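Chemist: Here you go, this is structure.csv (CSV, C-alpha atoms).
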chain,number,residue,atom,x,y,z
A,204,GLY,CA,54.1,27.0,13.5
A,205,CYS,CA,55.1,27.8,17.1
A,206,VAL,CA,52.2,29.3,19.1
A,207,PRO,CA,53.5,31.0,22.3
A,208,ILE,CA,51.4,30.2,25.3
A,209,VAL,CA,51.7,32.6,28.3
A,210,PRO,CA,50.0,31.0,31.4
A,211,ALA,CA,48.8,33.4,34.1
A,212,ALA,CA,46.9,33.2,37.3
A,213,VAL,CA,45.7,35.7,39.9
A,214,LEU,CA,44.5,35.6,43.5
A,215,PHE,CA,41.8,37.7,45.0
A,216,ASP,CA,43.3,40.0,47.7
A,217,LEU,CA,40.9,42.9,48.1
A,218,PRO,CA,39.5,41.9,51.6
A,219,LEU,CA,42.8,42.7,53.3
A,220,VAL,CA,42.4,46.4,53.6
A,221,ARG,CA,45.5,48.5,53.1
A,222,ASP,CA,45.7,52.2,53.4
A,223,GLY,CA,42.0,52.4,53.9
A,224,ASP,CA,41.0,52.3,50.2
A,225,ASN,CA,42.1,49.0,48.9
A,226,PRO,CA,40.1,48.8,45.6
A,227,LYS,CA,42.0,51.8,44.3
A,228,ILE,CA,45.4,50.3,45.0
A,229,ARG,CA,46.3,48.7,41.7
A,230,PRO,CA,49.7,47.8,40.1
A,231,ASP,CA,50.6,50.0,37.2
A,232,ALA,CA,53.3,49.9,34.5
A,233,ALA,CA,55.9,51.3,36.9
A,234,ALA,CA,55.1,48.5,39.4
A,235,GLY,CA,55.5,45.9,36.6
A,236,TYR,CA,59.0,47.3,35.7
A,237,ALA,CA,60.0,47.4,39.3
A,238,ALA,CA,59.0,43.8,39.8
A,239,CYS,CA,61.1,42.7,36.8
A,240,ASP,CA,64.0,44.7,38.2
A,241,ASP,CA,63.7,42.9,41.5
A,242,ALA,CA,63.3,39.4,40.0
A,243,LEU,CA,65.8,37.0,41.4
A,244,TYR,CA,66.9,35.5,38.1
A,245,GLN,CA,66.7,38.5,35.8
A,246,LYS,CA,69.7,37.4,33.9
A,247,PRO,CA,71.8,34.2,33.3
A,248,MET,CA,74.1,33.3,36.2
A,249,SER,CA,76.8,30.8,36.7
A,250,ALA,CA,76.3,27.9,39.1
A,251,SER,CA,78.7,29.4,41.6
A,252,THR,CA,76.8,32.7,41.5
A,253,LEU,CA,73.4,30.9,42.0
A,254,ARG,CA,74.7,29.2,45.1
A,255,SER,CA,75.4,32.6,46.7
A,256,VAL,CA,72.1,34.3,45.7
A,257,VAL,CA,69.9,35.3,48.6
A,258,PRO,CA,66.6,33.3,48.4
A,259,PRO,CA,63.4,35.2,47.6
A,260,MET,CA,61.4,36.6,50.4
A,261,SER,CA,58.5,34.8,51.9
A,262,GLY,CA,55.5,35.7,54.0
A,263,ASN,CA,53.2,38.7,53.5
A,264,VAL,CA,55.1,40.0,50.4
A,265,GLY,CA,54.7,40.1,46.7
A,266,ALA,CA,51.8,37.9,45.5
A,267,GLY,CA,51.2,36.9,49.1
A,268,ALA,CA,50.8,40.5,50.4
A,269,GLY,CA,47.0,40.4,50.4
A,270,ALA,CA,46.5,36.6,50.8
A,271,VAL,CA,44.1,35.4,53.6
A,272,VAL,CA,43.6,31.8,54.8
A,273,GLY,CA,41.1,30.1,57.0
A,274,LYS,CA,38.0,31.9,55.8
A,275,LEU,CA,35.4,29.2,56.3
A,276,PHE,CA,34.0,30.8,59.5
A,277,GLY,CA,34.1,34.4,58.4
A,278,LEU,CA,36.8,36.9,57.4
A,279,ASN,CA,36.9,38.3,60.9
A,280,ARG,CA,38.2,34.9,62.1
A,281,ALA,CA,40.7,34.4,59.3
A,282,MET,CA,44.5,35.0,59.2
A,283,LYS,CA,46.9,36.5,56.8
A,284,GLY,CA,48.2,34.1,54.2
A,285,GLY,CA,51.4,34.7,52.1
A,286,VAL,CA,53.9,33.3,49.7
A,287,GLY,CA,56.4,30.6,50.5
A,288,HIS,CA,59.1,28.5,48.6
A,289,ALA,CA,61.2,25.4,49.0
A,290,LEU,CA,63.9,23.6,47.1
A,291,VAL,CA,64.8,19.8,47.2
A,292,LYS,CA,67.9,18.3,45.6
A,293,VAL,CA,68.5,14.6,45.1
A,294,GLY,CA,71.6,13.7,43.1
A,295,PRO,CA,71.6,15.8,39.9
A,296,TRP,CA,67.9,16.6,40.2
A,297,GLN,CA,66.4,19.7,41.7
A,298,VAL,CA,62.8,20.6,42.3
A,299,GLY,CA,61.7,24.0,43.5
A,300,ALA,CA,58.3,25.3,44.4
A,301,MET,CA,56.8,28.7,45.1
A,302,VAL,CA,53.2,29.1,46.2
A,303,ALA,CA,51.0,32.1,47.2
A,304,CYS,CA,48.5,30.7,49.6
A,305,ASN,CA,45.1,32.3,49.7
A,306,ALA,CA,43.1,29.2,50.6
A,307,VAL,CA,39.6,29.0,52.1
A,308,GLY,CA,40.9,26.2,54.4
A,309,ASP,CA,43.6,26.0,57.0
A,310,VAL,CA,47.4,25.5,56.4
A,311,ILE,CA,48.6,22.2,57.8
A,312,ASP,CA,52.0,20.8,58.7
A,313,PRO,CA,51.8,17.5,56.7
A,314,ALA,CA,54.3,15.8,58.9
A,315,SER,CA,52.4,16.4,62.2
A,316,GLY,CA,48.9,17.4,61.1
A,317,GLN,CA,49.2,20.5,63.2
A,318,VAL,CA,47.3,23.6,62.0
A,319,LEU,CA,49.9,26.4,61.3
A,320,ALA,CA,47.5,29.1,60.1
A,321,GLY,CA,43.8,29.3,59.5
A,322,ALA,CA,40.4,30.0,61.1
A,323,ARG,CA,40.5,31.1,64.7
A,324,THR,CA,38.1,30.4,67.5
A,325,ALA,CA,35.3,32.9,68.1
A,326,ASP,CA,37.3,34.7,70.8
A,327,GLY,CA,40.3,34.9,68.5
A,328,THR,CA,42.7,33.4,71.0
A,329,ARG,CA,43.6,30.1,69.3
A,330,LEU,CA,43.4,28.2,66.0
A,331,LEU,CA,40.0,26.5,65.4
A,332,ASN,CA,41.0,23.6,63.1
A,333,SER,CA,38.4,24.0,60.3
A,334,GLN,CA,38.2,20.3,59.4
A,335,GLN,CA,37.4,19.2,63.0
A,336,ALA,CA,34.9,22.1,63.3
A,337,LEU,CA,33.1,21.0,60.1
A,338,LEU,CA,33.0,17.4,61.2
A,339,ALA,CA,31.6,18.4,64.6
A,340,GLY,CA,28.7,20.1,62.8
A,341,GLN,CA,29.7,23.7,63.1
A,342,SER,CA,28.2,25.9,60.3
A,343,SER,CA,30.6,27.6,58.0
A,344,ALA,CA,30.2,31.2,56.7
A,345,THR,CA,30.5,30.0,53.0
A,346,PRO,CA,32.9,32.7,51.6
A,347,LEU,CA,32.2,33.9,48.1
A,348,ALA,CA,33.4,31.7,45.3
A,349,GLY,CA,36.4,33.1,43.4
A,350,THR,CA,37.8,34.9,46.4
A,351,ASN,CA,40.0,31.9,47.5
A,352,THR,CA,42.9,30.8,45.3
A,353,SER,CA,46.3,29.2,46.0
A,354,ILE,CA,48.6,29.6,43.0
A,355,GLY,CA,52.2,28.6,42.4
A,356,VAL,CA,54.9,27.1,40.2
A,357,VAL,CA,56.9,23.9,40.4
A,358,ALA,CA,60.2,24.1,38.6
A,359,THR,CA,62.9,21.5,37.9
A,360,ASN,CA,66.3,21.4,36.2
A,361,ALA,CA,65.2,18.2,34.4
A,362,THR,CA,64.4,18.1,30.7
A,363,LEU,CA,60.7,17.4,30.4
A,364,ASN,CA,58.3,17.1,27.5
A,365,LYS,CA,54.7,18.5,27.7
A,366,ALA,CA,53.2,15.3,29.1
A,367,GLN,CA,55.9,15.0,31.8
A,368,ALA,CA,55.4,18.7,32.8
A,369,LYS,CA,51.7,18.1,33.0
A,370,ARG,CA,52.2,15.1,35.3
A,371,LEU,CA,54.6,17.1,37.5
A,372,ALA,CA,51.9,19.8,37.9
A,373,MET,CA,49.3,17.2,38.7
A,374,SER,CA,51.5,15.6,41.3
A,375,ALA,CA,52.2,19.0,42.8
A,376,HIS,CA,48.5,19.4,43.6
A,377,ASP,CA,49.0,16.6,46.0
A,378,GLY,CA,51.1,19.1,48.0
A,379,PHE,CA,48.0,21.3,48.3
A,380,ALA,CA,46.0,18.3,49.5
A,381,ARG,CA,48.6,17.5,52.1
A,382,SER,CA,49.1,21.0,53.3
A,383,ILE,CA,45.6,22.7,53.1
A,384,ARG,CA,42.4,21.4,54.7
A,385,PRO,CA,39.9,21.3,53.2
A,386,ALA,CA,41.6,21.6,49.8
A,387,HIS,CA,40.3,21.8,46.3
A,388,THR,CA,36.9,22.9,47.4
A,389,THR,CA,34.2,24.4,45.1
A,390,LEU,CA,35.2,27.8,46.7
A,391,ASP,CA,38.9,27.5,45.7
A,392,GLY,CA,40.5,28.2,42.3
A,393,ASP,CA,43.8,26.4,42.8
A,394,THR,CA,46.3,26.6,40.0
A,395,LEU,CA,49.8,25.2,39.7
A,396,PHE,CA,52.2,25.5,36.7
A,397,ALA,CA,55.2,23.3,36.0
A,398,MET,CA,58.3,24.4,34.2
A,399,ALA,CA,61.6,22.8,33.3
A,400,THR,CA,65.0,24.6,32.8
A,401,CYS,CA,66.4,21.6,30.9
A,402,ALA,CA,69.8,22.2,32.6
A,403,GLU,CA,70.0,18.4,33.3
A,404,SER,CA,70.1,16.6,30.0
A,405,SER,CA,69.8,13.0,31.2
A,406,ALA,CA,66.5,11.2,31.1
A,407,PRO,CA,64.3,12.4,33.9
A,408,ASP,CA,63.4,10.2,36.8
A,409,MET,CA,59.7,11.1,36.9
A,410,LEU,CA,58.9,9.0,40.0
A,411,LEU,CA,61.6,10.8,42.0
A,412,LEU,CA,60.6,14.2,40.6
Let me see the file written as structure tokens.
Modeler:
Amino acid sequence: GCVPIVPAAVLFDLPLVRDGDNPKIRPDAAAGYAACDDALYQKPMSASTLRSVVPPMSGNVGAGAGAVVGKLFGLNRAMKGGVGHALVKVGPWQVGAMVACNAVGDVIDPASGQVLAGARTADGTRLLNSQQALLAGQSSATPLAGTNTSIGVVATNATLNKAQAKRLAMSAHDGFARSIRPAHTTLDGDTLFAMATCAESSAPDMLLL
């Protein structure tokens, strides 16, 4: 028979103190209903309607509200993380991604190698570049395991089977490796899910996806 599988992932956001008593700030049933009400695609929409929909928010909102990045040299030298999204269209194919970044490493612009967010220097005036600092022999603070997680979803309009969806999720992890340094450490719990809307019925071009 059909066994429904409901994947889920969480990120640890307690270090970012809000309202002075963070451990007591927990989502409840009302917050869950409000999130569903605010969901961008809460009901089927036509193609013309989808084109006019305002994109979801990004930054220190939603799952990214308590995210922190650049924690290798202590939480006092880290920066806020957040949630971000992107969409790429080539011919009939569309691939969208949404990630909440709570990495232990720095966030990097993969095109230039520039550090966008992460650990700061001891005086807090500029970005440190954690990779260069580690290679130069600086000692890290070794944050607690389980407190650093980047989670997200990659979605396509293609029609994929389970093996193809798994391959898409595996490939998406290369995005983490290109955009976070260091990535996939023993301190990180990175998780990505792949999903397909099956709106495009032709055989998928997996290399392109």
Chemist: From the list A:Val298, A:Ala266, A:Cys304, A:Leu337, which residue is nearest A:Lys283 when using all atoms listed in the file?
Modeler: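 Closest to A:Lys283 of all the choices is A:Cys304.
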Chemist: Report, in Å to a single decimal, how far apart atom CA of A:Lys292 and atom CA of A:Val310 are.
Modeler: 24.3 Å
Chemist: Using only C-alpha atoms, can you tell me which of A:Thr400, A:Ser382, A:Ser353, A:Ser343 comes closest to A:Val318?
Modeler: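 Smallest distance to A:Val318 is found for A:Ser382.
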Chemist: Neighbours of A:Gly392 within 7 Å (only C-alpha atoms; same-chain residues fewer than 3 positions away dropped), as an NGL selection string?
Modeler: :A and (349 or 351-353)
Chemist: Please determine, counting all atoms listed in the file, which residue among A:Thr328, A:Ser405, A:Thr350, A:Gln367 has the shortest atom-to-atom distance to A:Ala306.
Modeler: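 The answer is A:Thr350, which sits nearest to A:Ala306.
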Chemist: Hey, can you check how far atom CA of A:Thr394 sits from atom CA of A:Gly273?
Modeler: 18.1 Å
Chemist: Between atom CA of A:Lys274 and atom CA of A:Phe215, what is the spacing in Å?
Modeler: 12.8 Å
Chemist: Would you mind listing what lies within 8 Å of A:Phe396 as number ranges by chain, with all atoms listed in the file counted and same-chain residues fewer than 4 positions away left out?
Modeler: A: 210, 355-357, 372
Chemist: Using all atoms listed in the file, which residue out of A:Ser315, A:Asn305, A:Thr362, A:Ser404 lies closest to A:Gly285?
Modeler: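 Under the stated criterion, the closest residue is A:Asn305.
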Chemist: Skip A:Gln317 itself and residues of its chain fewer than 5 positions away, then list as a ChimeraX atom specification all residues within 12 Å of it, counting all atoms listed in the file.
Modeler: /A:309-312,330-335,381-384
Chemist: Counting all atoms listed in the file, find residues at most 8 Å from (65.3, 14.5, 32.8) (file frame) and give them as a PyMOL selection string.
Modeler: chain A and resi 360-363+401+403-409
Chemist: When distances are computed from only C-alpha atoms, which of A:Leu275, A:Ala281, A:Met398, A:Ala368 shows the smallest separation from A:Ala348?
Modeler: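 Smallest separation from A:Ala348 among the options: A:Leu275.
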